[in-house]
Amino acid sequence: MKSIFDSITLGKNTLQNSLVMAPMTRSRANRDGTPGALAADYYSQRASLGLIVTEGIQPSDDGQGYIFTPGIYTQAHIDGWKPVTQAVHAKGGRIFFQLMHAGRMSHPDNTPHHRAGLAPSSIAPGTQMFTLKGMLDIPVPEAMTQVQIKQAIAEFKHAARSAIAAGADGVEIHGANAYLIQQFFAPSANTRTDEYGGSIENRARFAIEIAKAVAEEIGAERTAIRLSPGTKLWGIDEGADGPALYRYLVAELNKLQLVYLHVMHQGDDELLRDIRDGWDGILIVNKPGRARENIGDDIRSGLADLEAYGQMVLANPDFVERLKQDIPFNTADRNTFFGGAAQGYTDYPLANVAG
């Protein structure tokens with residue numbers, strides 16, 4: 001029976017164990033998109049997990065949604081991320097950059113160019129976003145032209161190349177959580193009548209084209225994607241044929257031989273099993289709210305090759321050691337999730353381990 005503490009091969013990397021630090025927005029970058037001063041400490045503290053997936057990193061000015069999120073498309077960004085990857089590698093860890101284009105989940109006050117977000121269609125998400133002026137309504141986005149779609153794909157390619165230049169072991173394309181790629185999946189956000197809207201095949205096209213372009217740029221062995229089938233955040237509704245879309249999408253992505261697929265499970269167990277059966281590579285499963293006593297269940301059953309954890313890892317930099325020795329977890333402080341400095345970021349205490 002597989003153990004979560006066994007090493008595992010991921011592309012050209014050997015991971016120390018089957019535990020993954022899930023991507024989590026922390027909003028502690030500098031205004032120019034370079035990582036904050038404590039980012040190297042934050043990530044390297046958690047390098048004992050088999051794989052670290054960073055917070056969402058925008059591939060362009062248009063890709064930024066929230067304030068104080070990092071980028072990976074300028075030389076300054078590359079130089080800013082190098083100490084982070086070096087610190088993780090120095091402790092034996094592996095790190096993938098999550099490339100995240102927010103799409104319509106953006107506000108002009110938060111972006112360098114102060115423009116409304118880009119999206120499949122001009123449909124606002126119907127929610128607010130934090131800015132330096134407080135919570136403000138997210139405006140109606142600009143519907144992307146086909147030229148802008150091709151430009152966004154090129155930006156993902158450039159960001160992936162920049163991530164590798166910064167020392168990342170690979171990239172995870174963010175196709176989940178109601179951001180740009182998932183906006184194309186959802187009829188509630190995508191009313192296009194061209195080849196990027198309407199049918200399942202058309203709504204999946206943008207995601208497949210990005211994955212193919214990135215894999216061609218840096219290699220499929222360094223390219224991954226994250227999906228969250230059934231997410232209903234911020235006006236996203238994939239409709240009755242949502243599960244069919246994901247079955248089609250996963251089958252097409254499988255042909256690209258990406259290094260892993262990361263699924264944020266939303267409760268459709270039948271779909272998750274079908275994804276497992278239809279995916280030949282490494283599958284990461286993230287089940288939000290999973291109890292400590294159930295950690296490792298999906299690996300032992302064969303449903304997943306890796307399991308990803310967010311808040312538990314955020315609050316416990318020594319997550320792996322606490323599991324091994326059955327040491328109680330620190331509790332995550334939600335008040336310090338976004339923004340700020342060391343508090344709730346790099347100051348969670350380590351357990352006192354005998355010997």
# chains A, B, ... in the order shown; residues from 1 in each chain; ligands from 1
call {"tool": "residues_around", "arguments": {"residues": "stretch 129-134 of chain A", "least_positions_apart": "4", "cutoff": "7 Å", "atoms": "only C-alpha atoms", "output": "number ranges by chain"}}
result
A: 67, 109-110, 138
call {"tool": "residues_around", "arguments": {"residues": "stretch 178-191 of chain A", "least_positions_apart": "4", "cutoff": "7 Å", "atoms": "only C-alpha atoms", "output": "ChimeraX atom specification"}}
result
/A:101-105,119-121,123,197-198,203-204,206-207,233-239
call {"tool": "write_last_selection", "arguments": {"atoms": "C-alpha atoms", "output": "PDB file, in the first residue's frame"}}
result
ATOM      1  CA  HIS A 101      -4.889  35.156 -15.429  1.00  0.00           C
ATOM      2  CA  ALA A 102      -7.762  36.626 -13.418  1.00  0.00           C
ATOM      3  CA  GLY A 103      -9.882  37.573 -16.433  1.00  0.00           C
ATOM      4  CA  ARG A 104     -12.997  39.435 -15.321  1.00  0.00           C
ATOM      5  CA  MET A 105     -12.067  38.973 -11.638  1.00  0.00           C
ATOM      6  CA  ALA A 119     -13.072  38.054 -20.368  1.00  0.00           C
ATOM      7  CA  PRO A 120     -14.812  35.775 -22.863  1.00  0.00           C
ATOM      8  CA  SER A 121     -17.850  38.084 -22.837  1.00  0.00           C
ATOM      9  CA  ILE A 123     -20.549  40.014 -18.337  1.00  0.00           C
ATOM     10  CA  GLY A 197     -18.138  29.683 -27.321  1.00  0.00           C
ATOM     11  CA  GLY A 198     -21.267  27.541 -27.548  1.00  0.00           C
ATOM     12  CA  ARG A 203     -15.590  26.363 -24.613  1.00  0.00           C
ATOM     13  CA  ALA A 204     -12.694  24.002 -23.861  1.00  0.00           C
ATOM     14  CA  PHE A 206      -8.857  28.163 -24.956  1.00  0.00           C
ATOM     15  CA  ALA A 207      -7.616  25.919 -22.129  1.00  0.00           C
ATOM     16  CA  LEU A 233     -17.817  31.150  -7.428  1.00  0.00           C
ATOM     17  CA  TRP A 234     -18.601  34.692  -8.539  1.00  0.00           C
ATOM     18  CA  GLY A 235     -21.305  33.961 -11.074  1.00  0.00           C
ATOM     19  CA  ILE A 236     -19.677  30.903 -12.648  1.00  0.00           C
ATOM     20  CA  ASP A 237     -22.176  28.234 -13.719  1.00  0.00           C
ATOM     21  CA  GLU A 238     -20.942  25.559 -16.101  1.00  0.00           C
ATOM     22  CA  GLY A 239     -24.466  24.269 -16.707  1.00  0.00           C
TER      23      GLY A 239
END
call {"tool": "closest_residue", "arguments": {"among": "A:Ala220, A:Leu49, A:Ile200, A:Ala211", "to": "A:Gln257", "atoms": "only C-alpha atoms"}}
result
A:Ala220
call {"tool": "residues_around", "arguments": {"residues": "A:Arg222", "least_positions_apart": "5", "cutoff": "10 Å", "atoms": "only C-alpha atoms", "output": "ChimeraX atom specification"}}
result
/A:10-13,96,160,164,168-172,214-215,217,258-260
call {"tool": "write_last_selection", "arguments": {"atoms": "N, CA, C and O atoms", "output": "short mmCIF file (atom, residue, chain, number, x, y, z; two decimals), in the first residue's frame"}}
result
data_model
loop_
_atom_site.label_atom_id
_atom_site.label_comp_id
_atom_site.auth_asym_id
_atom_site.auth_seq_id
_atom_site.Cartn_x
_atom_site.Cartn_y
_atom_site.Cartn_z
N LEU A 10 8.01 12.82 -10.50
CA LEU A 10 7.14 13.78 -11.18
C LEU A 10 7.94 14.38 -12.32
O LEU A 10 8.79 15.24 -12.09
N GLY A 11 7.70 13.92 -13.54
CA GLY A 11 8.50 14.37 -14.66
C GLY A 11 9.94 13.98 -14.45
O GLY A 11 10.27 12.82 -14.24
N LYS A 12 10.82 14.98 -14.46
CA LYS A 12 12.25 14.74 -14.24
C LYS A 12 12.65 14.96 -12.79
O LYS A 12 13.85 14.95 -12.46
N ASN A 13 11.66 15.14 -11.92
CA ASN A 13 11.92 15.41 -10.50
C ASN A 13 11.55 14.21 -9.64
O ASN A 13 10.60 13.48 -9.95
N PHE A 96 6.66 24.58 -8.40
CA PHE A 96 6.01 24.95 -9.65
C PHE A 96 5.34 26.31 -9.46
O PHE A 96 4.72 26.57 -8.43
N ALA A 160 5.66 31.26 -18.81
CA ALA A 160 6.22 29.93 -18.54
C ALA A 160 7.72 29.93 -18.76
O ALA A 160 8.49 29.39 -17.94
N ILE A 164 10.77 29.35 -15.79
CA ILE A 164 11.91 28.45 -15.87
C ILE A 164 13.21 29.24 -15.70
O ILE A 164 14.15 28.80 -15.02
N ALA A 168 12.12 27.92 -11.58
CA ALA A 168 10.99 27.04 -11.27
C ALA A 168 11.22 25.67 -11.91
O ALA A 168 11.81 25.55 -12.98
N ASP A 169 10.70 24.64 -11.24
CA ASP A 169 10.79 23.28 -11.79
C ASP A 169 9.71 23.02 -12.83
O ASP A 169 9.80 22.04 -13.57
N GLY A 170 8.72 23.89 -12.89
CA GLY A 170 7.65 23.76 -13.86
C GLY A 170 6.59 24.80 -13.57
O GLY A 170 6.74 25.64 -12.68
N VAL A 171 5.51 24.75 -14.34
CA VAL A 171 4.40 25.68 -14.14
C VAL A 171 3.08 24.92 -14.09
O VAL A 171 2.91 23.89 -14.73
N GLU A 172 2.17 25.46 -13.31
CA GLU A 172 0.79 24.96 -13.24
C GLU A 172 -0.11 26.03 -13.82
O GLU A 172 -0.18 27.15 -13.30
N VAL A 214 2.11 26.17 -23.93
CA VAL A 214 3.07 26.16 -22.84
C VAL A 214 3.93 24.89 -22.89
O VAL A 214 5.16 24.94 -22.70
N ALA A 215 3.31 23.76 -23.17
CA ALA A 215 4.06 22.50 -23.26
C ALA A 215 5.08 22.55 -24.39
O ALA A 215 6.20 22.04 -24.26
N GLU A 217 6.52 25.23 -25.36
CA GLU A 217 7.52 26.22 -24.98
C GLU A 217 8.54 25.68 -23.98
O GLU A 217 9.75 25.91 -24.12
N LEU A 258 0.88 16.06 -20.21
CA LEU A 258 1.33 17.02 -19.21
C LEU A 258 1.82 16.29 -17.96
O LEU A 258 1.43 15.15 -17.69
N VAL A 259 2.66 16.97 -17.18
CA VAL A 259 3.30 16.29 -16.05
C VAL A 259 2.31 15.96 -14.94
O VAL A 259 2.47 14.95 -14.25
N TYR A 260 1.30 16.80 -14.75
CA TYR A 260 0.24 16.44 -13.81
C TYR A 260 -1.03 17.23 -14.06
O TYR A 260 -1.02 18.27 -14.72
#
call {"tool": "closest_residue", "arguments": {"among": "A:Leu15, A:Ile78, A:Val140, A:Ala166", "to": "A:Arg94", "atoms": "only C-alpha atoms"}}
result
A:Leu15
call {"tool": "select_by_dssp", "arguments": {"residues": "stretch 100-223 of chain A", "states": "strand (DSSP E)", "output": "short mmCIF file (atom, residue, chain, number, x, y, z; two decimals) with N, CA, C and O atoms, in the first residue's frame"}}
result
data_model
loop_
_atom_site.label_atom_id
_atom_site.label_comp_id
_atom_site.auth_asym_id
_atom_site.auth_seq_id
_atom_site.Cartn_x
_atom_site.Cartn_y
_atom_site.Cartn_z
N LEU A 118 -10.22 41.57 -18.91
CA LEU A 118 -10.58 40.90 -20.15
C LEU A 118 -11.31 39.61 -19.81
O LEU A 118 -11.00 38.96 -18.81
N ALA A 119 -12.27 39.25 -20.64
CA ALA A 119 -13.07 38.05 -20.37
C ALA A 119 -13.63 37.51 -21.68
O ALA A 119 -13.58 38.18 -22.71
N GLN A 128 -17.77 42.15 -5.52
CA GLN A 128 -16.84 43.23 -5.26
C GLN A 128 -15.43 42.68 -5.09
O GLN A 128 -15.23 41.48 -4.91
N MET A 129 -14.46 43.60 -5.12
CA MET A 129 -13.07 43.24 -4.95
C MET A 129 -12.39 44.28 -4.08
O MET A 129 -12.69 45.47 -4.15
N PHE A 130 -11.42 43.80 -3.28
CA PHE A 130 -10.68 44.71 -2.43
C PHE A 130 -9.71 45.54 -3.26
O PHE A 130 -8.99 45.03 -4.12
N THR A 131 -9.69 46.85 -3.00
CA THR A 131 -8.73 47.78 -3.58
C THR A 131 -8.19 48.65 -2.45
O THR A 131 -8.66 48.57 -1.30
N GLY A 134 -10.82 50.37 -0.66
CA GLY A 134 -11.82 49.52 -0.01
C GLY A 134 -12.47 48.58 -1.00
O GLY A 134 -11.99 48.39 -2.12
N MET A 135 -13.59 47.98 -0.59
CA MET A 135 -14.31 47.06 -1.45
C MET A 135 -15.08 47.84 -2.51
O MET A 135 -15.87 48.74 -2.20
N LEU A 136 -14.86 47.50 -3.79
CA LEU A 136 -15.52 48.17 -4.90
C LEU A 136 -16.13 47.13 -5.84
O LEU A 136 -15.63 46.01 -5.97
N ASP A 137 -17.22 47.52 -6.50
CA ASP A 137 -17.84 46.64 -7.49
C ASP A 137 -16.86 46.37 -8.63
O ASP A 137 -16.20 47.29 -9.13
N GLU A 142 -14.06 43.69 -20.58
CA GLU A 142 -14.02 43.81 -22.03
C GLU A 142 -14.04 42.42 -22.65
O GLU A 142 -13.26 41.55 -22.26
N ALA A 143 -14.93 42.19 -23.60
CA ALA A 143 -14.97 40.91 -24.29
C ALA A 143 -13.74 40.78 -25.18
O ALA A 143 -13.44 41.67 -25.98
N GLY A 170 8.72 23.89 -12.89
CA GLY A 170 7.65 23.76 -13.86
C GLY A 170 6.59 24.80 -13.57
O GLY A 170 6.74 25.64 -12.68
N VAL A 171 5.51 24.75 -14.34
CA VAL A 171 4.40 25.68 -14.14
C VAL A 171 3.08 24.92 -14.09
O VAL A 171 2.91 23.89 -14.73
N GLU A 172 2.17 25.46 -13.31
CA GLU A 172 0.79 24.96 -13.24
C GLU A 172 -0.11 26.03 -13.82
O GLU A 172 -0.18 27.15 -13.30
N ILE A 173 -0.81 25.73 -14.90
CA ILE A 173 -1.75 26.65 -15.51
C ILE A 173 -3.02 26.66 -14.67
O ILE A 173 -3.59 25.61 -14.38
N HIS A 174 -3.45 27.85 -14.27
CA HIS A 174 -4.63 27.96 -13.40
C HIS A 174 -5.89 27.99 -14.27
O HIS A 174 -6.25 29.00 -14.85
N GLY A 175 -6.55 26.83 -14.32
CA GLY A 175 -7.80 26.72 -15.08
C GLY A 175 -8.99 26.55 -14.17
O GLY A 175 -10.01 26.00 -14.57
N THR A 223 4.95 21.06 -17.55
CA THR A 223 3.68 21.77 -17.71
C THR A 223 2.55 21.00 -17.04
O THR A 223 2.38 19.80 -17.27
#
call {"tool": "residues_around", "arguments": {"residues": "A:Pro317", "least_positions_apart": "4", "cutoff": "9 Å", "atoms": "only C-alpha atoms", "output": "PDB file with all heavy atoms, in the first residue's frame"}}
result
ATOM      1  N   TYR A  42       9.038  32.231   3.370  1.00  0.00           N
ATOM      2  CA  TYR A  42       7.719  31.596   3.404  1.00  0.00           C
ATOM      3  C   TYR A  42       7.722  30.258   2.662  1.00  0.00           C
ATOM      4  O   TYR A  42       7.288  29.227   3.201  1.00  0.00           O
ATOM      5  CB  TYR A  42       6.704  32.547   2.791  1.00  0.00           C
ATOM      6  CG  TYR A  42       5.331  31.976   2.533  1.00  0.00           C
ATOM      7  CD1 TYR A  42       4.489  31.599   3.577  1.00  0.00           C
ATOM      8  CD2 TYR A  42       4.857  31.838   1.224  1.00  0.00           C
ATOM      9  CE1 TYR A  42       3.221  31.095   3.336  1.00  0.00           C
ATOM     10  CE2 TYR A  42       3.586  31.341   0.978  1.00  0.00           C
ATOM     11  CZ  TYR A  42       2.773  30.962   2.028  1.00  0.00           C
ATOM     12  OH  TYR A  42       1.519  30.466   1.775  1.00  0.00           O
ATOM     13  N   TYR A  43       8.222  30.256   1.439  1.00  0.00           N
ATOM     14  CA  TYR A  43       8.189  29.024   0.658  1.00  0.00           C
ATOM     15  C   TYR A  43       9.217  28.008   1.140  1.00  0.00           C
ATOM     16  O   TYR A  43       8.925  26.802   1.222  1.00  0.00           O
ATOM     17  CB  TYR A  43       8.365  29.345  -0.824  1.00  0.00           C
ATOM     18  CG  TYR A  43       7.113  29.928  -1.448  1.00  0.00           C
ATOM     19  CD1 TYR A  43       7.075  31.237  -1.888  1.00  0.00           C
ATOM     20  CD2 TYR A  43       5.955  29.163  -1.577  1.00  0.00           C
ATOM     21  CE1 TYR A  43       5.920  31.784  -2.446  1.00  0.00           C
ATOM     22  CE2 TYR A  43       4.796  29.694  -2.126  1.00  0.00           C
ATOM     23  CZ  TYR A  43       4.780  30.996  -2.564  1.00  0.00           C
ATOM     24  OH  TYR A  43       3.633  31.528  -3.098  1.00  0.00           O
ATOM     25  N   SER A  44      10.415  28.463   1.468  1.00  0.00           N
ATOM     26  CA  SER A  44      11.445  27.501   1.882  1.00  0.00           C
ATOM     27  C   SER A  44      11.123  26.861   3.230  1.00  0.00           C
ATOM     28  O   SER A  44      11.528  25.728   3.500  1.00  0.00           O
ATOM     29  CB  SER A  44      12.816  28.164   1.924  1.00  0.00           C
ATOM     30  OG  SER A  44      12.889  29.170   2.910  1.00  0.00           O
ATOM     31  N   GLN A  45      10.372  27.565   4.089  1.00  0.00           N
ATOM     32  CA  GLN A  45       9.938  26.967   5.352  1.00  0.00           C
ATOM     33  C   GLN A  45       9.111  25.702   5.107  1.00  0.00           C
ATOM     34  O   GLN A  45       9.061  24.811   5.964  1.00  0.00           O
ATOM     35  CB  GLN A  45       9.093  27.964   6.152  1.00  0.00           C
ATOM     36  CG  GLN A  45       9.866  29.076   6.832  1.00  0.00           C
ATOM     37  CD  GLN A  45       8.937  30.090   7.488  1.00  0.00           C
ATOM     38  OE1 GLN A  45       7.704  30.026   7.329  1.00  0.00           O
ATOM     39  NE2 GLN A  45       9.507  31.036   8.222  1.00  0.00           N
ATOM     40  N   ARG A  46       8.474  25.629   3.951  1.00  0.00           N
ATOM     41  CA  ARG A  46       7.548  24.530   3.640  1.00  0.00           C
ATOM     42  C   ARG A  46       8.118  23.565   2.609  1.00  0.00           C
ATOM     43  O   ARG A  46       7.392  22.772   2.010  1.00  0.00           O
ATOM     44  CB  ARG A  46       6.213  25.137   3.172  1.00  0.00           C
ATOM     45  CG  ARG A  46       5.510  25.866   4.318  1.00  0.00           C
ATOM     46  CD  ARG A  46       4.572  26.974   3.867  1.00  0.00           C
ATOM     47  NE  ARG A  46       3.923  27.584   5.039  1.00  0.00           N
ATOM     48  CZ  ARG A  46       4.501  28.531   5.805  1.00  0.00           C
ATOM     49  NH1 ARG A  46       5.714  29.003   5.497  1.00  0.00           N
ATOM     50  NH2 ARG A  46       3.873  29.012   6.858  1.00  0.00           N
ATOM     51  N   ALA A  47       9.440  23.609   2.428  1.00  0.00           N
ATOM     52  CA  ALA A  47      10.095  22.809   1.393  1.00  0.00           C
ATOM     53  C   ALA A  47      10.142  21.326   1.702  1.00  0.00           C
ATOM     54  O   ALA A  47      10.547  20.529   0.851  1.00  0.00           O
ATOM     55  CB  ALA A  47      11.517  23.327   1.152  1.00  0.00           C
ATOM     56  N   SER A  48       9.730  20.909   2.908  1.00  0.00           N
ATOM     57  CA  SER A  48       9.718  19.480   3.215  1.00  0.00           C
ATOM     58  C   SER A  48       8.549  18.766   2.551  1.00  0.00           C
ATOM     59  O   SER A  48       8.526  17.535   2.495  1.00  0.00           O
ATOM     60  CB  SER A  48       9.666  19.256   4.724  1.00  0.00           C
ATOM     61  OG  SER A  48       8.510  19.835   5.293  1.00  0.00           O
ATOM     62  N   MET A 312      -3.813  24.065   6.075  1.00  0.00           N
ATOM     63  CA  MET A 312      -3.007  23.277   7.016  1.00  0.00           C
ATOM     64  C   MET A 312      -1.525  23.550   6.812  1.00  0.00           C
ATOM     65  O   MET A 312      -0.756  23.625   7.781  1.00  0.00           O
ATOM     66  CB  MET A 312      -3.281  21.789   6.829  1.00  0.00           C
ATOM     67  CG  MET A 312      -4.634  21.307   7.308  1.00  0.00           C
ATOM     68  SD  MET A 312      -4.754  19.513   7.037  1.00  0.00           S
ATOM     69  CE  MET A 312      -6.446  19.195   7.567  1.00  0.00           C
ATOM     70  N   VAL A 313      -1.114  23.696   5.560  1.00  0.00           N
ATOM     71  CA  VAL A 313       0.298  23.954   5.266  1.00  0.00           C
ATOM     72  C   VAL A 313       0.637  25.409   5.553  1.00  0.00           C
ATOM     73  O   VAL A 313       1.729  25.718   6.049  1.00  0.00           O
ATOM     74  CB  VAL A 313       0.612  23.588   3.801  1.00  0.00           C
ATOM     75  CG1 VAL A 313       2.041  23.957   3.443  1.00  0.00           C
ATOM     76  CG2 VAL A 313       0.364  22.104   3.561  1.00  0.00           C
ATOM     77  N   THR A 346       5.233  34.138   7.919  1.00  0.00           N
ATOM     78  CA  THR A 346       6.468  33.402   8.202  1.00  0.00           C
ATOM     79  C   THR A 346       6.697  33.156   9.694  1.00  0.00           C
ATOM     80  O   THR A 346       7.758  32.659  10.080  1.00  0.00           O
ATOM     81  CB  THR A 346       7.686  34.160   7.639  1.00  0.00           C
ATOM     82  OG1 THR A 346       7.713  35.480   8.196  1.00  0.00           O
ATOM     83  CG2 THR A 346       7.631  34.239   6.131  1.00  0.00           C
ATOM     84  N   TYR A 348       4.559  31.349  11.883  1.00  0.00           N
ATOM     85  CA  TYR A 348       3.904  30.207  12.534  1.00  0.00           C
ATOM     86  C   TYR A 348       4.956  29.345  13.202  1.00  0.00           C
ATOM     87  O   TYR A 348       5.979  29.004  12.604  1.00  0.00           O
ATOM     88  CB  TYR A 348       3.114  29.387  11.517  1.00  0.00           C
ATOM     89  CG  TYR A 348       1.769  29.981  11.160  1.00  0.00           C
ATOM     90  CD1 TYR A 348       1.581  30.658   9.964  1.00  0.00           C
ATOM     91  CD2 TYR A 348       0.681  29.881  12.031  1.00  0.00           C
ATOM     92  CE1 TYR A 348       0.346  31.199   9.638  1.00  0.00           C
ATOM     93  CE2 TYR A 348      -0.547  30.420  11.713  1.00  0.00           C
ATOM     94  CZ  TYR A 348      -0.717  31.081  10.503  1.00  0.00           C
ATOM     95  OH  TYR A 348      -1.929  31.623  10.202  1.00  0.00           O
ATOM     96  N   PRO A 349       4.728  28.950  14.454  1.00  0.00           N
ATOM     97  CA  PRO A 349       5.768  28.227  15.193  1.00  0.00           C
ATOM     98  C   PRO A 349       5.943  26.794  14.721  1.00  0.00           C
ATOM     99  O   PRO A 349       4.990  26.137  14.308  1.00  0.00           O
ATOM    100  CB  PRO A 349       5.251  28.263  16.637  1.00  0.00           C
ATOM    101  CG  PRO A 349       3.764  28.394  16.508  1.00  0.00           C
ATOM    102  CD  PRO A 349       3.538  29.241  15.278  1.00  0.00           C
ATOM    103  N   LEU A 350       7.182  26.335  14.793  1.00  0.00           N
ATOM    104  CA  LEU A 350       7.501  24.942  14.540  1.00  0.00           C
ATOM    105  C   LEU A 350       7.247  24.138  15.798  1.00  0.00           C
ATOM    106  O   LEU A 350       7.333  24.651  16.918  1.00  0.00           O
ATOM    107  CB  LEU A 350       8.958  24.795  14.133  1.00  0.00           C
ATOM    108  CG  LEU A 350       9.416  25.567  12.886  1.00  0.00           C
ATOM    109  CD1 LEU A 350      10.912  25.362  12.678  1.00  0.00           C
ATOM    110  CD2 LEU A 350       8.631  25.150  11.659  1.00  0.00           C
TER     111      LEU A 350
END
call {"tool": "select_by_dssp", "arguments": {"residues": "stretch 108-221 of chain A", "states": "alpha helix (DSSP H)", "output": "PyMOL selection string"}}
result
chain A and resi 146-165+180-185+200-218
call {"tool": "atom_distance", "arguments": {"atom1": "atom CA of A:Asn352", "atom2": "atom CA of A:Ala308"}}
result
24.6 Å
call {"tool": "atom_distance", "arguments": {"atom1": "atom CA of A:Ala37", "atom2": "atom CA of A:Tyr66"}}
result
18.7 Å
call {"tool": "atom_distance", "arguments": {"atom1": "atom CA of A:Leu256", "atom2": "atom CA of A:Ile210"}}
result
11.3 Å
call {"tool": "residues_around", "arguments": {"residues": "A:Gly278", "least_positions_apart": "2", "cutoff": "8 Å", "atoms": "only C-alpha atoms", "output": "PDB file with all heavy atoms, in the first residue's frame"}}
result
ATOM      1  N   ARG A 247     -14.993  15.871 -18.951  1.00  0.00           N
ATOM      2  CA  ARG A 247     -14.577  14.579 -19.487  1.00  0.00           C
ATOM      3  C   ARG A 247     -13.900  14.772 -20.846  1.00  0.00           C
ATOM      4  O   ARG A 247     -12.879  14.142 -21.142  1.00  0.00           O
ATOM      5  CB  ARG A 247     -15.780  13.641 -19.586  1.00  0.00           C
ATOM      6  CG  ARG A 247     -16.297  13.186 -18.215  1.00  0.00           C
ATOM      7  CD  ARG A 247     -17.474  12.217 -18.325  1.00  0.00           C
ATOM      8  NE  ARG A 247     -17.859  11.706 -17.012  1.00  0.00           N
ATOM      9  CZ  ARG A 247     -18.835  12.227 -16.254  1.00  0.00           C
ATOM     10  NH1 ARG A 247     -19.539  13.276 -16.692  1.00  0.00           N
ATOM     11  NH2 ARG A 247     -19.109  11.710 -15.065  1.00  0.00           N
ATOM     12  N   VAL A 250     -10.394  16.731 -20.194  1.00  0.00           N
ATOM     13  CA  VAL A 250      -9.340  15.887 -19.635  1.00  0.00           C
ATOM     14  C   VAL A 250      -8.814  14.914 -20.688  1.00  0.00           C
ATOM     15  O   VAL A 250      -7.602  14.665 -20.776  1.00  0.00           O
ATOM     16  CB  VAL A 250      -9.849  15.148 -18.387  1.00  0.00           C
ATOM     17  CG1 VAL A 250      -8.875  14.055 -17.955  1.00  0.00           C
ATOM     18  CG2 VAL A 250     -10.073  16.131 -17.241  1.00  0.00           C
ATOM     19  N   ALA A 251      -9.701  14.386 -21.513  1.00  0.00           N
ATOM     20  CA  ALA A 251      -9.271  13.473 -22.578  1.00  0.00           C
ATOM     21  C   ALA A 251      -8.332  14.183 -23.556  1.00  0.00           C
ATOM     22  O   ALA A 251      -7.322  13.612 -24.001  1.00  0.00           O
ATOM     23  CB  ALA A 251     -10.478  12.906 -23.313  1.00  0.00           C
ATOM     24  N   ASN A 254      -5.011  14.969 -21.832  1.00  0.00           N
ATOM     25  CA  ASN A 254      -4.254  13.731 -21.638  1.00  0.00           C
ATOM     26  C   ASN A 254      -3.361  13.446 -22.846  1.00  0.00           C
ATOM     27  O   ASN A 254      -2.263  12.887 -22.697  1.00  0.00           O
ATOM     28  CB  ASN A 254      -5.219  12.570 -21.393  1.00  0.00           C
ATOM     29  CG  ASN A 254      -4.519  11.307 -20.934  1.00  0.00           C
ATOM     30  OD1 ASN A 254      -3.773  11.314 -19.964  1.00  0.00           O
ATOM     31  ND2 ASN A 254      -4.755  10.209 -21.642  1.00  0.00           N
ATOM     32  N   ASP A 274     -14.019   9.323 -12.954  1.00  0.00           N
ATOM     33  CA  ASP A 274     -13.862   9.286 -14.409  1.00  0.00           C
ATOM     34  C   ASP A 274     -12.599  10.037 -14.835  1.00  0.00           C
ATOM     35  O   ASP A 274     -11.913   9.622 -15.779  1.00  0.00           O
ATOM     36  CB  ASP A 274     -15.087   9.889 -15.095  1.00  0.00           C
ATOM     37  CG  ASP A 274     -16.310   8.984 -15.027  1.00  0.00           C
ATOM     38  OD1 ASP A 274     -16.153   7.799 -14.665  1.00  0.00           O
ATOM     39  OD2 ASP A 274     -17.423   9.467 -15.317  1.00  0.00           O
ATOM     40  N   ILE A 275     -12.304  11.141 -14.146  1.00  0.00           N
ATOM     41  CA  ILE A 275     -11.072  11.874 -14.443  1.00  0.00           C
ATOM     42  C   ILE A 275      -9.861  10.999 -14.143  1.00  0.00           C
ATOM     43  O   ILE A 275      -8.914  10.929 -14.932  1.00  0.00           O
ATOM     44  CB  ILE A 275     -11.025  13.190 -13.646  1.00  0.00           C
ATOM     45  CG1 ILE A 275     -12.064  14.185 -14.210  1.00  0.00           C
ATOM     46  CG2 ILE A 275      -9.629  13.805 -13.676  1.00  0.00           C
ATOM     47  CD1 ILE A 275     -12.225  15.445 -13.396  1.00  0.00           C
ATOM     48  N   ARG A 276      -9.884  10.326 -12.998  1.00  0.00           N
ATOM     49  CA  ARG A 276      -8.789   9.413 -12.660  1.00  0.00           C
ATOM     50  C   ARG A 276      -8.614   8.358 -13.748  1.00  0.00           C
ATOM     51  O   ARG A 276      -7.488   8.074 -14.194  1.00  0.00           O
ATOM     52  CB  ARG A 276      -9.069   8.760 -11.313  1.00  0.00           C
ATOM     53  CG  ARG A 276      -8.168   7.588 -10.955  1.00  0.00           C
ATOM     54  CD  ARG A 276      -6.757   7.974 -10.549  1.00  0.00           C
ATOM     55  NE  ARG A 276      -5.875   8.332 -11.663  1.00  0.00           N
ATOM     56  CZ  ARG A 276      -4.613   8.694 -11.504  1.00  0.00           C
ATOM     57  NH1 ARG A 276      -4.076   8.756 -10.297  1.00  0.00           N
ATOM     58  NH2 ARG A 276      -3.873   8.987 -12.552  1.00  0.00           N
ATOM     59  N   ASP A 280      -3.768   9.553 -17.679  1.00  0.00           N
ATOM     60  CA  ASP A 280      -2.677   8.582 -17.605  1.00  0.00           C
ATOM     61  C   ASP A 280      -1.525   9.022 -16.729  1.00  0.00           C
ATOM     62  O   ASP A 280      -0.705   8.197 -16.321  1.00  0.00           O
ATOM     63  CB  ASP A 280      -2.139   8.305 -19.023  1.00  0.00           C
ATOM     64  CG  ASP A 280      -3.155   7.628 -19.916  1.00  0.00           C
ATOM     65  OD1 ASP A 280      -3.993   6.874 -19.385  1.00  0.00           O
ATOM     66  OD2 ASP A 280      -3.115   7.855 -21.145  1.00  0.00           O
TER      67      ASP A 280
END
call {"tool": "closest_residue", "arguments": {"among": "A:Lys2, A:Asp326, A:Gly71, A:Lys150", "to": "A:Glu293", "atoms": "only C-alpha atoms"}}
result
A:Asp326
